[in-house]
Amino acid sequence: MRPEPPPDADTVAGVGEFGLIRRVTRGRTQPSTTLLGPGDDAAVVAAPDGRVVASTDVLVEGVHFRLDWSSPEQVGRKAAAVNLADVAAMGAAPTALLVGMACPADTPTALIDGITNGLWEEARRAGAGVVGGDMVSCPTVVISITALGDMRGLAPVTRSGAAPGDVLAVCGRLGWAAAGLAVLGRGFRSPVAIVGAQQAPEPPYGAGPQAAEAGASAMLDVSDGLLSDVGHIAEASGVAIDIRTDLLPVHQRLIDVGSALGANPRHWVLTGGEDHALAATFPEPADVPDGWTTIGTVRRGAGVTVDGRPYEGTSGWEHWR
């Protein structure tokens, strides 16, 4: 029986686990909150507030991203963004990412380089560091990330604080990622800005602490669709929320793409996920910070309506359905 050929030096098997770890961590800079970064059994991250905000997500190739649609850097940015947005949605400042990555042995090292470059870049954009993680073998590419954050003296903004009389506001793009998915699904790669929103979202990280400081009563990030996610606030708070379509921000680029594809851009805004905008309720209209757009009201009752009526059609994404 002939011996197995040596692994290709340009694959993860050829580099090896520890060589790969050194490859993706060396030469990187960390924010001041990273007291001890990669290299030991665990990292040490400062938490001046005394409370640590933590969130985790898993992204699977073929379910959450496609490497024929996105570059490795975009995949890395997206993996970081979906986690960091959850931290911001609590009103916290992101501080660190822990990354678990699984891939086949024949995965090119260039792919891992690209993904980790994207992770580091998005973490830097949010003010966080990549402080540690793990790498293992798997039949497909899987990225699991835990994001940490610091409340900086603020109270966490949960989903359960909305009250009748509050107003609903959003910050960030809505419908762009859904439009980008529709474009990619038709086999196109432009408009670049629309497609890019699906490949690598741009959450408004600073808007989370901004909303907390302004007295937001409830908040979350829009990952599965505006109607679906606002429904979580309504359920947790025991209230009804009405969204007004005349107040919804529908960008002209969405209108143009909708016209080209024969789709309703307002449906993308209401039900499209993966933009990771922030939605929050505020006690008074005057409390809504600059950069936020008021789109609805909180009332007594239950559920979410659009212009006073139940929305016809799906309200957003849900796994296993």
# chains A, B, ... in the order shown; residues from 1 in each chain; ligands from 1
>>> closest_atom_pairs(of="range 69-172 of chain A", to="range 183-203 of chain A", cutoff="10 Å", atoms="only C-alpha atoms", output="JSON lines")
{"residue": "A:Trp69", "atom": "CA", "partner": "A:Leu184", "partner_atom": "CA", "distance": 7.3}
{"residue": "A:Ser70", "atom": "CA", "partner": "A:Gln199", "partner_atom": "CA", "distance": 5.7}
{"residue": "A:Ser71", "atom": "CA", "partner": "A:Gln199", "partner_atom": "CA", "distance": 8.1}
{"residue": "A:Pro72", "atom": "CA", "partner": "A:Gln199", "partner_atom": "CA", "distance": 9.9}
{"residue": "A:Glu73", "atom": "CA", "partner": "A:Ala200", "partner_atom": "CA", "distance": 8.8}
{"residue": "A:Gln74", "atom": "CA", "partner": "A:Ala200", "partner_atom": "CA", "distance": 5.2}
{"residue": "A:Val75", "atom": "CA", "partner": "A:Ala200", "partner_atom": "CA", "distance": 6.9}
{"residue": "A:Gly76", "atom": "CA", "partner": "A:Ala200", "partner_atom": "CA", "distance": 8.4}
{"residue": "A:Arg77", "atom": "CA", "partner": "A:Ala200", "partner_atom": "CA", "distance": 5.9}
{"residue": "A:Lys78", "atom": "CA", "partner": "A:Ala200", "partner_atom": "CA", "distance": 4.7}
{"residue": "A:Ala79", "atom": "CA", "partner": "A:Ala200", "partner_atom": "CA", "distance": 8.5}
{"residue": "A:Ala80", "atom": "CA", "partner": "A:Ala200", "partner_atom": "CA", "distance": 9.5}
{"residue": "A:Ala81", "atom": "CA", "partner": "A:Pro203", "partner_atom": "CA", "distance": 6.8}
{"residue": "A:Val82", "atom": "CA", "partner": "A:Pro201", "partner_atom": "CA", "distance": 8.0}
{"residue": "A:Leu84", "atom": "CA", "partner": "A:Pro203", "partner_atom": "CA", "distance": 8.3}
{"residue": "A:Ala85", "atom": "CA", "partner": "A:Pro203", "partner_atom": "CA", "distance": 6.0}
{"residue": "A:Asp86", "atom": "CA", "partner": "A:Pro203", "partner_atom": "CA", "distance": 9.7}
{"residue": "A:Ala88", "atom": "CA", "partner": "A:Pro203", "partner_atom": "CA", "distance": 8.8}
{"residue": "A:Ala89", "atom": "CA", "partner": "A:Pro203", "partner_atom": "CA", "distance": 9.9}
{"residue": "A:Gly118", "atom": "CA", "partner": "A:Ala200", "partner_atom": "CA", "distance": 9.4}
{"residue": "A:Glu122", "atom": "CA", "partner": "A:Glu202", "partner_atom": "CA", "distance": 9.0}
{"residue": "A:Arg125", "atom": "CA", "partner": "A:Glu202", "partner_atom": "CA", "distance": 9.6}
{"residue": "A:Ala126", "atom": "CA", "partner": "A:Pro203", "partner_atom": "CA", "distance": 9.1}
{"residue": "A:Cys171", "atom": "CA", "partner": "A:Pro203", "partner_atom": "CA", "distance": 8.8}
{"residue": "A:Gly172", "atom": "CA", "partner": "A:Pro203", "partner_atom": "CA", "distance": 6.4}
>>> residues_around(residues="Ser160 in chain A", least_positions_apart="3", cutoff="9 Å", atoms="only C-alpha atoms", output="list in words")
Val157, Ala163, Ser217, Ala218, Met219, His232, Ile233, Ala234, Glu235, Ala236, Ser237 and Gly238 of chain A
>>> write_last_selection(atoms="C-alpha atoms", output="CSV table (one decimal), in the first residue's frame")
chain,number,residue,atom,x,y,z
A,157,VAL,CA,-31.4,47.9,26.8
A,163,ALA,CA,-44.5,50.8,26.8
A,217,SER,CA,-36.8,51.6,26.4
A,218,ALA,CA,-36.2,48.5,24.2
A,219,MET,CA,-33.9,47.6,21.4
A,232,HIS,CA,-40.0,40.1,19.5
A,233,ILE,CA,-40.1,43.5,21.2
A,234,ALA,CA,-44.0,43.5,21.1
A,235,GLU,CA,-44.1,40.0,22.6
A,236,ALA,CA,-41.5,40.6,25.3
A,237,SER,CA,-43.0,43.9,26.3
A,238,GLY,CA,-46.6,42.9,26.1
>>> residues_around(residues="range 34-38 of chain A", least_positions_apart="4", cutoff="7 Å", atoms="only C-alpha atoms", output="list of chain:residue names")
A:Gln30, A:Ala43, A:Val44, A:Val45, A:Ala46, A:Gly129, A:Val131, A:Gly132
>>> write_last_selection(atoms="N, CA, C and O atoms", output="PDB file, in the first residue's frame")
ATOM      1  N   GLN A  30      -4.264  45.226  18.729  1.00  0.00           N
ATOM      2  CA  GLN A  30      -5.427  45.033  19.590  1.00  0.00           C
ATOM      3  C   GLN A  30      -5.842  46.360  20.210  1.00  0.00           C
ATOM      4  O   GLN A  30      -5.006  47.250  20.431  1.00  0.00           O
ATOM      5  N   ALA A  43      -7.803  34.311  26.754  1.00  0.00           N
ATOM      6  CA  ALA A  43      -7.495  35.737  26.663  1.00  0.00           C
ATOM      7  C   ALA A  43      -7.979  36.451  27.923  1.00  0.00           C
ATOM      8  O   ALA A  43      -8.782  35.911  28.692  1.00  0.00           O
ATOM      9  N   VAL A  44      -7.503  37.660  28.101  1.00  0.00           N
ATOM     10  CA  VAL A  44      -7.962  38.510  29.191  1.00  0.00           C
ATOM     11  C   VAL A  44      -8.423  39.826  28.585  1.00  0.00           C
ATOM     12  O   VAL A  44      -7.655  40.508  27.893  1.00  0.00           O
ATOM     13  N   VAL A  45      -9.683  40.155  28.813  1.00  0.00           N
ATOM     14  CA  VAL A  45     -10.291  41.354  28.239  1.00  0.00           C
ATOM     15  C   VAL A  45     -10.790  42.246  29.361  1.00  0.00           C
ATOM     16  O   VAL A  45     -11.465  41.774  30.290  1.00  0.00           O
ATOM     17  N   ALA A  46     -10.462  43.516  29.306  1.00  0.00           N
ATOM     18  CA  ALA A  46     -10.894  44.462  30.334  1.00  0.00           C
ATOM     19  C   ALA A  46     -12.408  44.648  30.297  1.00  0.00           C
ATOM     20  O   ALA A  46     -13.017  44.656  29.224  1.00  0.00           O
ATOM     21  N   GLY A 129     -11.328  43.681  19.381  1.00  0.00           N
ATOM     22  CA  GLY A 129     -10.189  42.878  18.963  1.00  0.00           C
ATOM     23  C   GLY A 129     -10.586  41.428  18.801  1.00  0.00           C
ATOM     24  O   GLY A 129     -11.596  40.981  19.360  1.00  0.00           O
ATOM     25  N   VAL A 131      -9.478  38.069  20.025  1.00  0.00           N
ATOM     26  CA  VAL A 131      -8.594  37.732  21.142  1.00  0.00           C
ATOM     27  C   VAL A 131      -8.287  36.244  21.284  1.00  0.00           C
ATOM     28  O   VAL A 131      -7.449  35.863  22.101  1.00  0.00           O
ATOM     29  N   GLY A 132      -8.948  35.385  20.523  1.00  0.00           N
ATOM     30  CA  GLY A 132      -8.670  33.962  20.634  1.00  0.00           C
ATOM     31  C   GLY A 132      -9.702  33.137  19.906  1.00  0.00           C
ATOM     32  O   GLY A 132     -10.583  33.659  19.222  1.00  0.00           O
TER      33      GLY A 132
END
>>> select_by_dssp(residues="range 175-280 of chain A", states="strand (DSSP E or B)", output="PyMOL selection string")
chain A and resi 218-222+240-243+277-280
>>> residues_around(residues="Ile145 in chain A", least_positions_apart="5", cutoff="9 Å", atoms="only C-alpha atoms", output="number ranges by chain")
A: 55-59, 79-80, 83, 97-101, 133
>>> residues_around(residues="Arg266 in chain A", least_positions_apart="4", cutoff="12 Å", atoms="only C-alpha atoms", output="number ranges by chain")
A: 174-176, 178-179, 225-227, 244-259, 270-272, 306, 311
>>> atom_distance(atom1="CA of Ala212 in chain A", atom2="CA of Gly91 in chain A")
5.1 Å
>>> select_by_dssp(residues="range 72-164 of chain A", states="alpha helix (DSSP H)", output="PyMOL selection string")
chain A and resi 72-89+109-126
>>> residues_around(residues="range 278-292 of chain A", least_positions_apart="6", cutoff="8 Å", atoms="only C-alpha atoms", output="MDAnalysis selection string")
chainID A and resid 89 162:163 165:172 203:204 207:208 210:211 214:222 230 298
>>> closest_residue(among="A:His64, A:His276, A:Arg152, A:Arg23", to="Leu181 in chain A", atoms="only C-alpha atoms")
A:His64
>>> closest_residue(among="A:Asp68, A:Asp113, A:Asp41, A:Asp49", to="Leu20 in chain A", atoms="only C-alpha atoms")
A:Asp113
>>> closest_residue(among="A:Val304, A:Ile243, A:Leu148, A:Val142", to="Val63 in chain A", atoms="only C-alpha atoms")
A:Val142
>>> closest_residue(among="A:Ser32, A:Ala182, A:Thr25, A:Ser137", to="Ala263 in chain A", atoms="only C-alpha atoms")
A:Ala182
>>> atom_distance(atom1="CA of Gly39 in chain A", atom2="CA of Glu61 in chain A")
27.6 Å
>>> closest_residue(among="A:Phe65, A:Asp242, A:Glu213, A:Val130", to="Asn117 in chain A", atoms="only C-alpha atoms")
A:Val130
>>> decode(residues="range 128-139 of chain A", atoms="all heavy atoms", output="mmCIF file, in the first residue's frame")
data_model
loop_
_atom_site.group_PDB
_atom_site.id
_atom_site.type_symbol
_atom_site.label_atom_id
_atom_site.label_comp_id
_atom_site.auth_asym_id
_atom_site.auth_seq_id
_atom_site.Cartn_x
_atom_site.Cartn_y
_atom_site.Cartn_z
ATOM 1 N N ALA A 128 -13.283 46.628 18.444
ATOM 2 C CA ALA A 128 -13.016 45.404 19.203
ATOM 3 C C ALA A 128 -11.750 44.728 18.694
ATOM 4 O O ALA A 128 -11.164 45.126 17.684
ATOM 5 C CB ALA A 128 -14.205 44.448 19.078
ATOM 6 N N GLY A 129 -11.328 43.681 19.381
ATOM 7 C CA GLY A 129 -10.189 42.878 18.963
ATOM 8 C C GLY A 129 -10.586 41.428 18.801
ATOM 9 O O GLY A 129 -11.596 40.981 19.360
ATOM 10 N N VAL A 130 -9.800 40.680 18.032
ATOM 11 C CA VAL A 130 -9.963 39.226 17.947
ATOM 12 C C VAL A 130 -8.969 38.637 18.937
ATOM 13 O O VAL A 130 -7.761 38.720 18.731
ATOM 14 C CB VAL A 130 -9.691 38.698 16.526
ATOM 15 C CG1 VAL A 130 -9.876 37.191 16.466
ATOM 16 C CG2 VAL A 130 -10.613 39.389 15.507
ATOM 17 N N VAL A 131 -9.478 38.069 20.025
ATOM 18 C CA VAL A 131 -8.594 37.732 21.142
ATOM 19 C C VAL A 131 -8.287 36.244 21.284
ATOM 20 O O VAL A 131 -7.449 35.863 22.101
ATOM 21 C CB VAL A 131 -9.169 38.263 22.469
ATOM 22 C CG1 VAL A 131 -9.304 39.772 22.432
ATOM 23 C CG2 VAL A 131 -10.507 37.600 22.796
ATOM 24 N N GLY A 132 -8.948 35.385 20.523
ATOM 25 C CA GLY A 132 -8.670 33.962 20.634
ATOM 26 C C GLY A 132 -9.702 33.137 19.906
ATOM 27 O O GLY A 132 -10.583 33.659 19.222
ATOM 28 N N GLY A 133 -9.569 31.797 20.019
ATOM 29 C CA GLY A 133 -10.506 30.908 19.366
ATOM 30 C C GLY A 133 -9.956 29.518 19.190
ATOM 31 O O GLY A 133 -9.054 29.084 19.910
ATOM 32 N N ASP A 134 -10.475 28.811 18.182
ATOM 33 C CA ASP A 134 -10.081 27.434 17.940
ATOM 34 C C ASP A 134 -10.299 27.116 16.469
ATOM 35 O O ASP A 134 -11.126 27.748 15.800
ATOM 36 C CB ASP A 134 -10.918 26.486 18.816
ATOM 37 C CG ASP A 134 -10.406 25.058 18.789
ATOM 38 O OD1 ASP A 134 -9.201 24.862 18.538
ATOM 39 O OD2 ASP A 134 -11.222 24.147 19.025
ATOM 40 N N MET A 135 -9.544 26.128 15.962
ATOM 41 C CA MET A 135 -9.688 25.679 14.577
ATOM 42 C C MET A 135 -9.716 24.162 14.555
ATOM 43 O O MET A 135 -8.878 23.507 15.186
ATOM 44 C CB MET A 135 -8.540 26.198 13.716
ATOM 45 C CG MET A 135 -8.543 27.697 13.521
ATOM 46 S SD MET A 135 -7.303 28.240 12.335
ATOM 47 C CE MET A 135 -7.666 30.003 12.270
ATOM 48 N N VAL A 136 -10.708 23.597 13.838
ATOM 49 C CA VAL A 136 -10.866 22.148 13.781
ATOM 50 C C VAL A 136 -11.236 21.718 12.365
ATOM 51 O O VAL A 136 -11.569 22.550 11.511
ATOM 52 C CB VAL A 136 -11.957 21.656 14.764
ATOM 53 C CG1 VAL A 136 -11.594 21.992 16.193
ATOM 54 C CG2 VAL A 136 -13.311 22.261 14.404
ATOM 55 N N SER A 137 -11.183 20.406 12.146
ATOM 56 C CA SER A 137 -11.541 19.840 10.851
ATOM 57 C C SER A 137 -13.039 19.599 10.759
ATOM 58 O O SER A 137 -13.692 19.238 11.754
ATOM 59 C CB SER A 137 -10.788 18.532 10.643
ATOM 60 O OG SER A 137 -11.152 17.936 9.420
ATOM 61 N N CYS A 138 -13.595 19.795 9.551
ATOM 62 C CA CYS A 138 -15.032 19.646 9.348
ATOM 63 C C CYS A 138 -15.282 19.489 7.848
ATOM 64 O O CYS A 138 -14.506 20.018 7.036
ATOM 65 C CB CYS A 138 -15.761 20.874 9.895
ATOM 66 S SG CYS A 138 -17.564 20.810 9.797
ATOM 67 N N PRO A 139 -16.342 18.800 7.429
ATOM 68 C CA PRO A 139 -16.606 18.630 5.992
ATOM 69 C C PRO A 139 -16.943 19.926 5.260
ATOM 70 O O PRO A 139 -16.839 19.995 4.035
ATOM 71 C CB PRO A 139 -17.797 17.673 5.965
ATOM 72 C CG PRO A 139 -17.752 16.963 7.266
ATOM 73 C CD PRO A 139 -17.233 17.965 8.247
#
